[in-house]
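Text of my_file01.txt, listed as compact mmCIF, C-alpha atoms:
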# COMPACT_ATOMS: atom_id res chain seq x y z
CA MET T 268 6.77 6.38 8.78
CA GLN T 269 6.79 3.07 10.60
CA HIS T 270 7.32 3.67 14.36
CA ASN T 271 5.39 1.32 16.58
CA PHE T 272 4.70 3.93 19.26
CA ALA T 273 1.01 3.08 19.51
CA GLU T 274 1.66 -0.16 21.40
CA ASN T 275 2.34 2.01 24.39
CA LYS T 276 -0.98 2.24 26.19
CA SER T 277 -1.15 6.04 26.31
CA GLU T 278 -0.32 7.00 22.73
CA LEU T 279 -2.11 7.46 19.42
CA LYS T 280 -0.60 7.42 15.97
CA PHE T 281 -1.98 8.90 12.75
CA THR T 282 -0.37 8.20 9.36
CA LEU T 283 -1.49 10.70 6.73
CA GLU T 284 -1.07 10.13 3.01
CA ALA T 285 -1.01 13.88 2.43
CA MET T 286 1.73 14.23 -0.19
CA THR T 287 2.12 12.12 -3.35
CA LYS T 288 4.99 13.87 -5.13
CA CYS T 289 8.35 12.13 -4.67
CA ALA T 290 11.64 11.91 -6.55
CA ALA T 291 12.10 8.27 -5.49
CA ASP T 292 10.52 5.41 -7.45
CA CYS T 293 10.28 2.36 -5.16
CA ALA T 294 8.44 -0.82 -6.17
CA GLY T 295 7.70 -1.42 -2.47
CA CYS T 296 6.03 1.98 -2.02
CA GLY T 297 2.56 1.91 -0.48
CA LEU T 298 1.13 4.55 -2.82
CA PRO T 299 -1.17 3.23 -5.57
CA PRO T 300 0.15 4.24 -9.04
CA GLU T 301 -2.92 6.37 -9.79
CA VAL T 302 -2.52 8.30 -6.54
CA LYS T 303 1.22 8.80 -7.00
CA ALA T 304 0.63 10.06 -10.54
CA ARG T 305 -1.32 13.04 -9.15
CA GLN T 306 1.90 14.52 -7.73
CA ASN T 307 -0.01 16.76 -5.35
CA PHE T 308 -0.64 17.75 -1.74
CA TRP T 309 -3.85 18.05 0.27
CA THR T 310 -5.73 21.33 -0.08
CA PRO T 311 -6.20 23.58 2.99
CA GLU T 312 -9.84 22.44 3.08
CA GLN T 313 -8.81 18.79 3.17
CA LEU T 314 -6.21 19.48 5.86
CA GLN T 315 -8.89 21.19 7.94
CA LYS T 316 -11.13 18.11 7.69
CA VAL T 317 -8.24 15.87 8.72
CA SER T 318 -7.44 18.06 11.72
CA LYS T 319 -11.13 17.98 12.72
CA PHE T 320 -11.11 14.18 12.51
CA ILE T 321 -7.92 13.90 14.57
CA ASN T 322 -9.22 16.28 17.25
CA LEU T 323 -12.50 14.36 17.56
CA TYR T 324 -10.67 11.02 17.60
CA VAL T 325 -8.35 12.26 20.34
CA GLN T 326 -11.36 13.50 22.30
CA VAL T 327 -13.02 10.06 22.13
CA MET T 328 -9.85 8.19 23.05
CA LYS T 329 -9.28 10.46 26.04
CA GLU T 330 -12.47 8.95 27.43
CA LYS T 331 -10.84 5.52 27.29
CA ILE T 332 -7.13 5.94 28.02
CA ASN T 333 -4.83 8.34 29.83
CA LEU T 334 -3.57 9.86 26.60
CA SER T 335 -0.07 11.34 26.82
CA GLN T 336 1.15 11.55 23.23
CA VAL T 337 -0.17 12.07 19.71
CA ASN T 338 2.15 11.08 16.86
CA ILE T 339 1.49 12.25 13.31
CA THR T 340 3.37 11.05 10.24
CA LEU T 341 2.96 13.28 7.22
CA GLY T 342 3.79 11.15 4.18
CA GLN T 343 4.23 9.51 1.78
CA GLY T 344 6.08 11.74 -0.66
CA ASP T 345 8.84 14.35 -0.45
CA PHE T 346 7.76 17.28 1.72
CA PHE T 347 10.78 19.30 0.67
CA GLN T 348 9.14 19.56 -2.77
CA LEU T 349 6.19 21.51 -1.39
CA LYS T 350 5.56 25.08 -2.49
CA GLU T 351 5.93 27.77 0.17
CA LYS T 352 2.16 28.27 0.52
CA GLU T 353 1.78 24.51 1.02
CA VAL T 354 4.43 24.52 3.75
CA ARG T 355 2.46 27.27 5.47
CA SER T 356 -0.65 25.11 5.25
CA VAL T 357 1.29 22.29 6.99
CA MET T 358 2.02 24.62 9.88
CA ASP T 359 -1.58 25.82 9.97
CA PHE T 360 -2.70 22.19 10.10
CA LEU T 361 -0.36 21.37 13.01
CA ASN T 362 -1.59 24.46 14.86
CA TYR T 363 -5.14 23.13 14.56
CA ILE T 364 -4.31 19.91 16.41
CA GLU T 365 -5.57 20.24 19.96
CA HIS T 366 -3.10 18.21 21.96
CA LYS T 367 -0.23 19.49 24.05
CA HIS T 368 2.23 16.67 23.32
CA LEU T 369 2.41 16.30 19.57
CA SER T 370 5.25 14.77 17.57
CA THR T 371 5.31 15.22 13.80
CA PHE T 372 7.31 13.29 11.22
CA ILE T 373 7.65 14.40 7.60
CA THR T 374 9.02 12.24 4.80
CA ALA T 375 11.57 13.28 2.17
CA SER T 376 13.64 11.72 -0.60
CA ALA T 377 16.84 13.85 -0.37
CA ILE T 378 17.70 13.24 -4.03
CA THR T 379 16.56 16.51 -5.57
CA ASN T 380 18.84 19.33 -6.68
CA TYR T 381 20.89 20.51 -3.69
CA GLU T 382 20.19 24.25 -4.04
CA PHE T 383 16.47 23.63 -4.51
CA MET T 384 16.35 21.31 -1.52
CA LYS T 385 18.44 23.68 0.63
CA LYS T 386 16.01 26.53 -0.01
CA SER T 387 13.04 24.32 0.88
CA VAL T 388 14.71 22.97 4.03
CA ASP T 389 15.53 26.52 5.14
CA PHE T 390 11.93 27.61 4.64
CA PHE T 391 10.49 24.59 6.45
CA HIS T 392 12.96 25.05 9.28
CA GLY T 393 12.25 28.76 9.61
CA LEU T 394 8.50 28.21 9.81
CA SER T 395 8.93 25.45 12.36
CA ILE T 396 10.81 27.90 14.59
CA GLU T 397 8.25 30.63 13.98
CA ASN T 398 5.38 28.29 14.87
CA GLN T 399 7.23 26.40 17.62
CA LYS T 400 6.55 23.06 15.93
CA ALA T 401 9.32 20.49 16.12
CA LEU T 402 9.60 18.39 12.95
CA LEU T 403 11.29 15.00 12.69
CA VAL T 404 12.52 14.07 9.23
CA GLU T 405 12.53 10.61 7.63
CA ILE T 406 14.60 10.09 4.48
CA VAL T 407 13.24 7.34 2.22
CA LEU T 408 16.17 5.79 0.34
CA ASP T 409 15.68 4.74 -3.29
CA SER T 410 17.60 1.48 -3.83
CA SER T 411 18.15 2.21 -7.54
CA LYS T 412 19.93 5.45 -6.69
CA LEU T 413 21.64 4.39 -3.48
CA MET T 414 24.32 2.36 -5.29
CA ASP T 415 24.93 5.00 -7.97
CA ASP T 416 28.13 6.91 -7.10
CA ARG T 417 26.84 10.28 -8.30
CA MET T 418 23.48 9.91 -6.55
CA ASN T 419 25.16 8.54 -3.43
CA ALA T 420 27.25 11.70 -3.22
CA LEU T 421 24.08 13.81 -3.60
CA TYR T 422 22.42 11.78 -0.85
CA LYS T 423 25.27 12.51 1.53
CA LYS T 424 25.38 16.22 0.69
CA ASN T 425 21.61 16.69 1.06
CA ILE T 426 21.37 14.55 4.19
CA SER T 427 24.20 16.47 5.84
CA TYR T 428 22.36 19.73 5.30
CA ILE T 429 19.06 18.38 6.63
CA VAL T 430 20.91 17.13 9.72
CA GLU T 431 22.58 20.52 10.12
CA LYS T 432 19.15 22.15 10.28
CA PHE T 433 16.99 19.59 12.05
CA GLY T 434 19.35 17.41 14.06
CA LEU T 435 18.81 13.65 14.23
CA ILE T 436 16.89 12.17 11.31
CA GLU T 437 15.88 8.63 10.41
CA PHE T 438 15.99 6.52 7.29
CA ALA T 439 13.71 4.05 5.52
CA ILE T 440 13.88 1.80 2.49
CA ASN T 441 10.89 0.33 0.65
CA VAL T 442 11.66 -3.23 -0.43
CA GLY T 443 10.27 -4.61 -3.70
CA GLU T 444 11.48 -6.52 -6.72
CA ASP T 445 13.69 -3.55 -7.66
CA THR T 446 15.50 -3.77 -4.32
CA LEU T 447 16.53 -7.36 -4.98
CA LYS T 448 18.21 -6.24 -8.21
CA ASN T 449 19.72 -2.99 -6.95
CA ILE T 450 21.18 -3.63 -3.52
CA THR T 451 22.16 -6.59 -1.35
CA PRO T 452 21.62 -6.74 2.41
CA LYS T 453 25.40 -6.51 2.78
CA SER T 454 25.52 -3.33 0.66
CA LEU T 455 22.78 -1.76 2.77
CA HIS T 456 24.69 -2.79 5.89
CA ASP T 457 27.87 -1.18 4.54
CA PHE T 458 25.96 2.03 3.72
CA MET T 459 24.64 2.18 7.29
CA LEU T 460 28.12 1.69 8.74
CA GLU T 461 29.89 4.10 6.37
CA ASN T 462 27.45 6.87 7.29
CA SER T 463 27.16 5.95 11.00
CA LEU T 464 23.38 5.76 10.72
CA PRO T 465 21.65 4.68 13.96
CA PHE T 466 18.29 3.52 12.62
CA ILE T 467 16.52 2.30 9.48
CA ALA T 468 12.93 1.27 8.82
CA VAL T 469 12.81 -1.54 6.25
CA ASN T 470 9.34 -1.72 4.69
CA SER T 471 7.62 -3.97 2.18
CA ILE T 472 4.01 -2.93 1.56
CA VAL T 473 1.75 -5.22 -0.49
CA SER T 474 -1.59 -4.13 -1.94
CA LYS T 475 -3.91 -5.13 -4.75
CA TYR T 476 -2.01 -2.70 -6.98
CA ASN T 477 1.36 -4.45 -6.73
CA GLN T 478 0.35 -7.92 -5.51
CA GLU T 479 1.28 -9.79 -8.70
CA GLN T 480 4.82 -8.43 -8.89
CA MET T 481 5.23 -8.78 -5.12
CA LYS T 482 3.90 -12.34 -5.21
CA ASN T 483 6.48 -13.24 -7.85
CA SER T 484 9.26 -11.68 -5.75
CA TRP T 485 8.05 -12.52 -2.25
CA THR T 486 10.28 -15.51 -1.53
CA GLY T 487 13.27 -13.40 -2.59
CA ILE T 488 12.07 -10.48 -0.46
CA ILE T 489 11.78 -12.69 2.63
CA ASP T 490 15.32 -14.01 2.00
CA TRP T 491 16.55 -10.42 1.54
CA LEU T 492 14.99 -9.36 4.84
CA LYS T 493 16.59 -12.34 6.59
CA GLY T 494 19.90 -11.17 5.14
CA VAL T 495 19.36 -7.73 6.70
CA VAL T 496 18.89 -9.37 10.10
CA GLU T 497 21.92 -11.62 9.64
CA HIS T 498 24.31 -8.81 8.65
CA ASN T 499 23.40 -6.45 11.46
CA GLN T 500 25.83 -6.93 14.34
CA GLN T 501 24.54 -4.47 16.96
CA ASN T 502 25.58 -1.51 14.84
CA TYR T 503 22.20 0.12 14.24
CA ASN T 504 18.50 -0.44 14.78
CA VAL T 505 16.43 -2.22 12.10
CA GLU T 506 12.84 -1.41 12.95
CA PHE T 507 11.06 -4.61 11.96
CA SER T 508 13.66 -6.67 13.85
CA THR T 509 13.18 -4.61 16.99
CA LEU T 510 9.40 -4.73 16.57
CA PHE T 511 9.23 -8.51 16.26
CA THR T 512 11.81 -9.04 19.01
CA ARG T 513 9.76 -7.05 21.47
CA LYS T 514 6.65 -9.00 20.48
CA LEU T 515 8.54 -12.27 20.88
CA ASP T 516 9.48 -11.21 24.40
CA ILE T 517 5.87 -10.32 25.21
CA ASN T 518 4.60 -13.53 23.61
CA GLN T 519 6.53 -15.69 26.08
CA SER T 520 4.08 -14.81 28.86
CA TYR T 521 1.00 -14.21 26.73
CA VAL T 522 -1.90 -16.67 27.05
CA SER T 523 -3.57 -17.03 23.68
CA SER T 524 -7.33 -17.56 23.53
CA LEU T 525 -10.10 -16.35 21.26
CA GLN T 526 -11.23 -13.75 23.79
CA ASN T 527 -7.71 -12.56 24.65
CA ASP T 528 -6.63 -12.43 21.00
CA LEU T 529 -9.65 -10.45 19.82
CA TYR T 530 -9.35 -8.00 22.72
CA LYS T 531 -5.63 -7.46 22.09
CA ILE T 532 -6.12 -6.92 18.35
CA SER T 533 -9.00 -4.49 18.89
CA ASP T 534 -7.24 -2.60 21.67
CA LEU T 535 -4.19 -1.93 19.51
CA LEU T 536 -6.14 -1.22 16.32
CA ARG T 537 -7.91 1.81 17.68
CA ARG T 538 -4.59 3.42 18.63
CA GLU T 539 -3.40 3.69 15.02
CA ILE T 540 -5.26 5.37 12.16
CA PHE T 541 -4.36 5.58 8.47
CA ILE T 542 -5.89 8.31 6.28
CA SER T 543 -5.51 7.82 2.52
CA HIS T 544 -4.93 10.61 0.03
CA ASP T 545 -8.64 10.44 -0.85
CA GLY T 546 -9.74 10.79 2.79
CA ASP T 547 -10.55 7.14 3.46
CA ILE T 548 -10.10 6.12 7.11
CA ALA T 549 -8.65 2.74 8.09
CA PHE T 550 -7.03 1.16 11.11
CA GLN T 551 -3.31 0.53 10.85
CA GLN T 552 -0.87 -2.14 12.01
CA ASN T 553 2.93 -2.30 11.99
CA GLY T 554 4.96 -5.20 10.69
CA LEU T 555 7.02 -4.84 7.54
CA GLY T 556 6.05 -1.20 7.55
CA ALA T 557 2.98 0.73 8.65
CA VAL T 558 0.02 -0.82 6.82
CA GLY T 559 -3.46 0.65 6.60
CA LEU T 560 -6.03 -2.17 6.74
CA SER T 561 -8.06 -0.81 3.85
CA SER T 562 -9.75 -1.64 0.57
CA ARG T 563 -6.25 -1.75 -0.93
CA ASN T 564 -5.45 -5.06 0.76
CA GLY T 565 -8.63 -7.05 1.35
CA PHE T 566 -10.14 -4.99 4.18
CA SER T 567 -12.75 -2.23 4.12
CA ASP T 568 -12.39 1.50 4.60
CA LEU T 569 -14.20 2.67 7.74
CA MET T 570 -15.47 6.04 6.48
CA ASN T 571 -14.51 8.90 4.19
CA ILE T 572 -13.95 12.31 5.73
CA PHE T 573 -13.64 14.31 2.50
CA ASN T 574 -17.02 13.34 1.01
CA SER T 575 -19.23 13.51 4.08
CA GLU T 576 -19.75 15.28 7.38
CA PHE T 577 -18.90 13.50 10.64
CA ASP T 578 -19.25 14.05 14.37
CA LEU T 579 -18.34 12.46 17.72
CA ASP T 580 -20.89 9.68 17.27
CA ASP T 581 -19.23 8.63 14.00
CA ILE T 582 -15.85 8.53 15.73
CA ARG T 583 -17.24 6.48 18.64
CA ARG T 584 -18.62 4.01 16.10
CA VAL T 585 -15.13 3.61 14.62
CA VAL T 586 -13.55 3.15 18.05
CA ASP T 587 -16.16 0.90 19.66
CA LYS T 588 -17.78 -1.06 16.83
CA TYR T 589 -15.47 -1.11 13.83
CA SER T 590 -12.39 -2.03 15.86
CA VAL T 591 -14.17 -5.24 16.88
CA THR T 592 -15.36 -5.94 13.33
CA VAL T 593 -11.89 -5.51 11.86
CA SER T 594 -10.37 -7.63 14.67
CA LYS T 595 -12.65 -10.51 13.69
CA LYS T 596 -11.67 -10.07 10.04
CA ILE T 597 -7.97 -10.22 11.01
CA PHE T 598 -8.53 -13.31 13.12
CA SER T 599 -10.47 -15.02 10.32
CA GLU T 600 -7.59 -14.66 7.84
CA PHE T 601 -5.51 -17.02 9.97
CA THR T 602 -8.25 -19.62 10.25
CA LYS T 603 -8.08 -20.21 6.48
CA HIS T 604 -4.68 -21.89 6.74
CA ASP T 605 -3.89 -25.04 8.68
CA SER T 606 -0.29 -23.96 9.20
CA CYS T 607 -1.45 -20.98 11.31
CA ALA T 608 -3.63 -23.01 13.69
CA GLU T 609 -0.86 -24.31 15.95
CA CYS T 610 1.86 -21.79 15.08
CA GLN T 611 3.48 -20.28 18.16
CA TYR T 612 3.87 -16.97 16.33
CA ARG T 613 0.17 -16.52 15.49
CA PRO T 614 -0.51 -14.02 18.33
CA ILE T 615 2.41 -11.95 17.04
CA CYS T 616 1.10 -12.06 13.47
CA HIS T 617 -2.35 -10.95 14.67
CA THR T 618 -0.97 -7.49 15.49
CA SER T 619 1.82 -7.20 12.90
CA ALA T 620 -0.02 -6.52 9.61
CA ILE T 621 0.33 -10.14 8.47
CA ALA T 622 -3.41 -10.51 7.79
CA PRO T 623 -3.31 -8.13 4.78
CA LEU T 624 -0.30 -10.09 3.48
CA ILE T 625 -2.35 -13.28 3.68
CA SER T 626 -5.29 -11.54 2.00
CA THR T 627 -3.21 -10.28 -0.94
CA LEU T 628 -0.43 -12.88 -1.32
CA ALA T 629 -1.60 -16.28 -0.08
CA ASN T 630 -2.97 -18.97 -2.36
CA GLU T 631 -5.09 -21.93 -1.30
CA LYS T 632 -1.77 -23.76 -1.05
CA ASP T 633 0.65 -22.14 1.37
CA MET T 634 3.90 -20.68 0.04
CA ASP T 635 5.66 -23.26 2.18
CA SER T 636 4.39 -25.98 4.45
CA SER T 637 4.74 -23.90 7.61
CA CYS T 638 3.38 -20.44 6.67
CA PRO T 639 0.94 -19.02 4.08
CA VAL T 640 3.19 -16.03 3.37
CA GLY T 641 6.61 -17.30 4.46
CA ILE T 642 6.83 -14.86 7.36
CA LYS T 643 7.52 -17.60 9.92
CA SER T 644 11.06 -18.17 8.66
CA LEU T 645 11.77 -14.43 9.04
CA ILE T 646 10.51 -14.39 12.63
CA GLU T 647 12.60 -17.50 13.36
CA LYS T 648 15.67 -15.73 11.95
CA ILE T 649 14.99 -12.74 14.20
CA GLU T 650 14.46 -14.99 17.22
CA THR T 651 17.65 -16.96 16.72
CA ASN T 652 19.86 -14.04 15.71
CA LYS T 653 20.87 -12.35 18.96
CA ASN T 654 23.30 -9.87 17.46
CA PHE T 655 21.23 -7.12 15.97
CA TYR T 656 21.04 -3.74 17.64
CA HIS T 657 18.23 -3.79 20.16
CA GLY T 658 17.32 -1.99 23.35
CA LYS T 659 19.43 1.16 23.18
CA GLY T 660 17.64 4.49 23.51
CA LEU T 661 17.56 7.10 20.78
CA ILE T 662 16.66 10.77 20.92
CA TYR T 663 14.56 12.21 18.12
CA ALA T 664 14.47 15.97 18.32
CA GLN T 665 14.70 19.01 16.16
CA LYS T 666 17.81 20.54 17.68
CA ASP T 667 16.09 23.92 18.08
CA PHE T 668 13.68 22.35 20.59
CA ALA T 669 16.09 20.65 22.98
CA SER T 670 13.64 20.99 25.85
CA GLN T 671 11.10 19.03 23.79
CA SER T 672 13.37 16.12 22.92
CA LEU T 673 11.51 12.96 22.08
CA CYS T 674 13.12 10.08 23.93
CA ILE T 675 12.54 6.65 22.48
CA ASP T 676 13.65 3.79 24.67
CA ASP T 677 13.67 0.51 22.77
CA LEU T 678 11.27 2.15 20.28
CA GLU T 679 8.50 1.41 22.73
CA ALA T 680 7.72 4.63 24.55
CA ILE T 681 7.94 8.20 23.35
CA LYS T 682 7.51 11.05 25.81
CA TYR T 683 8.42 14.69 26.15
CA LYS T 684 11.17 14.83 28.75
CA ASN T 685 14.80 15.77 29.21
CA CYS T 686 16.82 12.82 27.99
CA ASN T 687 19.81 11.31 29.76
CA GLU T 688 23.05 12.57 28.29
CA ASN T 689 24.55 9.09 28.18
CA ILE T 690 22.11 7.82 25.56
CA ASP T 691 23.98 6.96 22.35
CA LEU T 692 22.82 9.16 19.49
CA GLY T 693 25.07 8.02 16.68
CA VAL T 694 26.54 10.62 14.34
CA PHE T 695 23.27 12.36 13.48
CA LYS T 696 22.48 13.89 16.83
CA ALA T 697 20.64 16.89 18.11
CA ASN T 698 23.21 19.51 19.09

Take the structure in the file and write it out as structure tokens.
Amino acid sequence: MQHNFAENKSELKFTLEAMTKCAADCAGCGLPPEVKARQNFWTPEQLQKVSKFINLYVQVMKEKINLSQVNITLGQGDFFQLKEKEVRSVMDFLNYIEHKHLSTFITASAITNYEFMKKSVDFFHGLSIENQKALLVEIVLDSSKLMDDRMNALYKKNISYIVEKFGLIEFAINVGEDTLKNITPKSLHDFMLENSLPFIAVNSIVSKYNQEQMKNSWTGIIDWLKGVVEHNQQNYNVEFSTLFTRKLDINQSYVSSLQNDLYKISDLLRREIFISHDGDIAFQQNGLGAVGLSSRNGFSDLMNIFNSEFDLDDIRRVVDKYSVTVSKKIFSEFTKHDSCAECQYRPICHTSAIAPLISTLANEKDMDSSCPVGIKSLIEKIETNKNFYHGKGLIYAQKDFASQSLCIDDLEAIKYKNCNENIDLGVFKAN
């Protein structure tokens, strides 16, 4: 899940790599091949350690901010492939989280057998009602299957049923070398329009595990992403476009300095946490997806919660000390390249997961004369293209919990409240 909720001053976001089994096979997936090959889900003991970490982290952050919302993304695989006892352990885990306002996203592929998926959706939905836990579903689209007529029909059938049960859902696509071969930006645009989809997260995650293939495809990926921006004519929300647009707006009045930049990076870092399948903790940033700043992409893991005990002092160390250390590491990545020194977009890149791209993709010689990873041309395309869908509110809610609707205005703030009826929900709406 790639929502940029944590930039709101009173919210925390946790992305959990809890599930590795998935029917999709995306080259741009953030899961390392060895982890994905396990095809498994966290044990109840591991889930209990994660809930302990989250509760302690929330406790520490409450000392620093007026915390209103905790957002948890349970990823990265297909949660509708869980066994019934594992679904129960998900609910037990959510019941352990000690915060009143909790929003939970689960990921799914929606390309498994319809009857199998229907049974799983029914079970998940029933337990969510029983436990009074609203779930928000993200469908990750596989580009190799999206353009196949038979699989496309299965997508629509499965998605319709998930919507029938849960209300509004969202969509994502992981962009890699396979995407360039399988689907054009125009074809993705047509798919969004044909299905009246209001939102899509377009992600491209680079790590040491896929950096060679991504490096070979990166220029094409940047061009593909620019095509996505160009084709969108206010019909739906493309997350990275909205994210960078909001940051461009903020950047107009922002005064960049070493002190300001380091404070801003650190302040945002501690509001987003990534937990790997092996229990490694890392800070997270959002750019072309939600990216954990970890040993996978040139950074260091902060601690491991599966292999050792931890307490409030350990969490305070992460919040107070490590956030500063990682901020300096991020800042240093941009000092290695002359093209970044005077770039007007550098403050935006500081907080948009561009540093791990530089760490994994950049050579001593920049990809082009103006940017070490070619991201500048994408930001320029976003800045000059005024047509894409931006600024309209969406409601994310499991339809059974209408009183707990999650209102997202411009993807910036998420709060429990009764939403205005005039907000445009698109076709997939909470009834």

Which one of T:Ala549, T:Ala468, T:Leu624, T:Ile321 sits closest to Tyr589 of chain T if you count all atoms listed in the file? T:Ala549

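Of the residues listed (T:Asp580, T:Glu506, T:Thr602, T:Leu492), T:Thr602 shows the shortest atom-to-atom separation from Leu525 of chain T; distances use all atoms listed in the file.
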
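If you count all atoms listed in the file and ignore residues fewer than 5 places along the chain from segment 591-596 of chain T, what sits within 10 Å of it is Leu525, Asp528, Leu529, Tyr530, Lys531, Ile532, Ser533, Asp534, Leu535, Leu536, Arg537, Ala549, Phe550, Leu560, Gly565, Phe566, Ser567, Leu569, Val585, Val586, Phe601, His617, Thr618 and Ala622 of chain T.
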
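Picture a line from atom CA of Gly295 of chain T to atom CA of Glu444 of chain T; it runs 7.6 Å.
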
Enclose segment 558-576 of chain T, meaning all of its atoms listed in the file, in a box aligned along x, y and z, pad it by 4 Å on each side, and list the centre and edge lengths in Å to one decimal, as JSON.
{"center_x": -9.9, "center_y": 4.1, "center_z": 3.4, "size_x": 27.8, "size_y": 30.3, "size_z": 16.7}
